[in-house]
>>> print(open('upload.txt').read())   # compact mmCIF, C-alpha atoms
# COMPACT_ATOMS: atom_id res chain seq x y z
CA MET A 1 37.95 2.49 37.24
CA TYR A 2 38.71 5.37 34.94
CA GLY A 3 39.39 8.89 36.06
CA LEU A 4 40.13 10.18 39.52
CA GLN A 5 37.61 9.34 42.17
CA GLN A 6 37.42 11.11 45.48
CA PRO A 7 38.50 8.89 48.34
CA PRO A 8 36.07 8.38 51.22
CA SER A 9 36.33 11.42 53.47
CA THR A 10 36.42 9.37 56.67
CA SER A 11 39.36 7.17 55.73
CA GLN A 12 42.00 9.81 55.02
CA SER A 13 42.98 13.16 56.44
CA PRO A 14 43.11 16.13 54.01
CA SER A 15 46.92 15.90 53.89
CA GLN A 16 46.71 12.26 52.71
CA ARG A 17 44.10 12.78 49.97
CA PRO A 18 45.31 12.84 46.37
CA ASP A 19 45.83 16.29 44.91
CA VAL A 20 44.01 17.43 41.76
CA GLY A 21 47.46 17.68 40.16
CA ALA A 22 47.98 13.94 40.68
CA LEU A 23 45.58 12.97 37.89
CA PRO A 24 45.93 9.99 35.60
CA THR A 25 47.25 10.73 32.13
CA ALA A 26 44.50 8.76 30.36
CA LEU A 27 40.77 8.78 30.97
CA ASN A 28 37.99 6.60 29.66
CA PRO A 29 37.45 7.91 26.08
CA ALA A 30 33.66 7.93 26.55
CA LEU A 31 33.98 10.06 29.72
CA LEU A 32 36.35 12.44 27.95
CA LYS A 33 33.95 12.77 25.01
CA SER A 34 31.06 13.51 27.40
CA ALA A 35 33.15 16.06 29.30
CA ARG A 36 34.07 17.84 26.06
CA GLN A 37 30.39 17.96 25.04
CA ILE A 38 29.38 19.39 28.44
CA TYR A 39 32.13 22.03 28.14
CA ARG A 40 31.14 22.93 24.56
CA THR A 41 27.43 23.15 25.41
CA TYR A 42 28.09 25.38 28.41
CA TYR A 43 30.01 27.90 26.32
CA GLU A 44 27.44 27.82 23.51
CA VAL A 45 24.71 28.69 26.02
CA HIS A 46 26.84 31.17 28.03
CA PRO A 47 29.20 32.83 25.51
CA GLU A 48 29.55 35.94 27.67
CA ASP A 49 31.13 34.05 30.58
CA VAL A 50 34.85 34.67 30.75
CA GLN A 51 35.64 32.66 33.87
CA ARG A 52 37.57 29.51 32.95
CA PRO A 53 36.67 26.30 34.81
CA ILE A 54 39.33 24.05 36.32
CA GLY A 55 37.52 21.00 34.92
CA ILE A 56 34.38 18.95 35.01
CA ALA A 57 33.01 16.59 37.66
CA ILE A 58 31.33 13.81 35.71
CA SER A 59 29.36 10.74 36.74
CA THR A 60 31.00 7.52 35.64
CA LYS A 61 27.55 5.90 35.40
CA THR A 62 25.38 8.52 33.67
CA HIS A 63 28.06 10.71 32.03
CA ARG A 64 26.26 13.81 33.31
CA GLY A 65 28.53 16.47 34.71
CA LYS A 66 29.07 19.99 35.94
CA LEU A 67 31.79 22.54 35.33
CA ILE A 68 33.95 23.20 38.39
CA PHE A 69 35.14 26.77 38.94
CA GLY A 70 36.52 26.47 42.49
CA ASP A 71 39.98 25.53 43.69
CA LYS A 72 39.42 21.83 44.36
CA PRO A 73 36.52 19.66 43.27
CA VAL A 74 34.33 17.85 45.77
CA LEU A 75 33.24 14.63 44.14
CA LEU A 76 30.56 12.07 44.85
CA PRO A 77 31.70 8.42 45.04
CA THR A 78 30.51 7.73 41.47
CA GLU A 79 32.13 10.84 39.96
CA CYS A 80 35.52 11.54 38.50
CA PHE A 81 37.25 14.82 37.73
CA VAL A 82 38.31 15.66 34.19
CA PRO A 83 40.77 18.59 34.20
CA ILE A 84 40.36 21.35 31.63
CA SER A 85 43.82 20.53 30.27
CA GLN A 86 42.46 17.17 29.02
CA ILE A 87 39.28 18.73 27.61
CA GLU A 88 40.60 21.71 25.65
CA PRO A 89 43.24 20.10 23.39
CA GLY A 90 40.56 18.04 21.63
CA LEU A 91 38.36 21.07 20.95
CA HIS A 92 40.77 22.95 18.71
>>> encode(input="upload.txt", output="structure tokens")
Amino acid sequence: MYGLQQPPSTSQSPSQRPDVGALPTALNPALLKSARQIYRTYYEVHPEDVQRPIGIAISTKTHRGKLIFGDKPVLLPTECFVPISQIEPGLH
């Protein structure tokens, strides 16, 4: 599977769950492309927003996603988290 998936909440305590900082260095290129498009579209529609997201939660099946502005993402079993650091370098 590509990306970081949230582990089942019943199997691990919060101290055992992977941290957002422990992300893989390479993501599925199609997911990354979709994440960049979601990010670009959001800022085209909302140019006045100055709050920077921490990343995007994106479905590995449909490639639909949402920008995440909180501290830690809460993901569904079929979602992965794409950090903003992997999205922005390809936009410039």
>>> closest_residue(input="upload.txt", among="A:Phe81, A:Gly70, A:Ala35, A:Tyr42", to="A:Ala57", atoms="only C-alpha atoms")
A:Phe81
>>> closest_residue(input="upload.txt", among="A:Pro89, A:Glu79, A:Ile54, A:Gln37", to="A:Leu67", atoms="only C-alpha atoms")
A:Ile54
>>> atom_distance(input="upload.txt", atom1="atom CA of A:Lys66", atom2="atom CA of A:Tyr39")
8.6 Å
>>> residues_around(input="upload.txt", residues="A:Gly65", least_positions_apart="6", cutoff="7 Å", atoms="all atoms listed in the file", output="MDAnalysis selection string")
chainID A and resid 38 56:59
>>> residues_around(input="upload.txt", residues="A:Arg52", least_positions_apart="6", cutoff="10 Å", atoms="only C-alpha atoms", output="ChimeraX atom specification")
/A:67-69,84
>>> write_last_selection(input="upload.txt", atoms="C-alpha atoms", output="short mmCIF file (atom, residue, chain, number, x, y, z; two decimals), keeping the file's coordinate frame")
data_model
loop_
_atom_site.label_atom_id
_atom_site.label_comp_id
_atom_site.auth_asym_id
_atom_site.auth_seq_id
_atom_site.Cartn_x
_atom_site.Cartn_y
_atom_site.Cartn_z
CA LEU A 67 31.79 22.54 35.33
CA ILE A 68 33.95 23.20 38.39
CA PHE A 69 35.14 26.77 38.94
CA ILE A 84 40.36 21.35 31.63
#
>>> axis_aligned_box(input="upload.txt", around="stretch 40-55 of chain A", padding_each_side="3 Å", output="JSON")
{"center_x": 32.0, "center_y": 28.5, "center_z": 29.9, "size_x": 20.6, "size_y": 20.9, "size_z": 18.8}
>>> closest_residue(input="upload.txt", among="A:Thr60, A:Thr41, A:Gln51, A:Ser34", to="A:Leu76", atoms="all atoms listed in the file")
A:Thr60
>>> atom_distance(input="upload.txt", atom1="atom CA of A:Ser85", atom2="atom CA of A:His46")
20.2 Å
>>> atom_distance(input="upload.txt", atom1="atom CA of A:Lys61", atom2="atom CA of A:Cys80")
10.2 Å
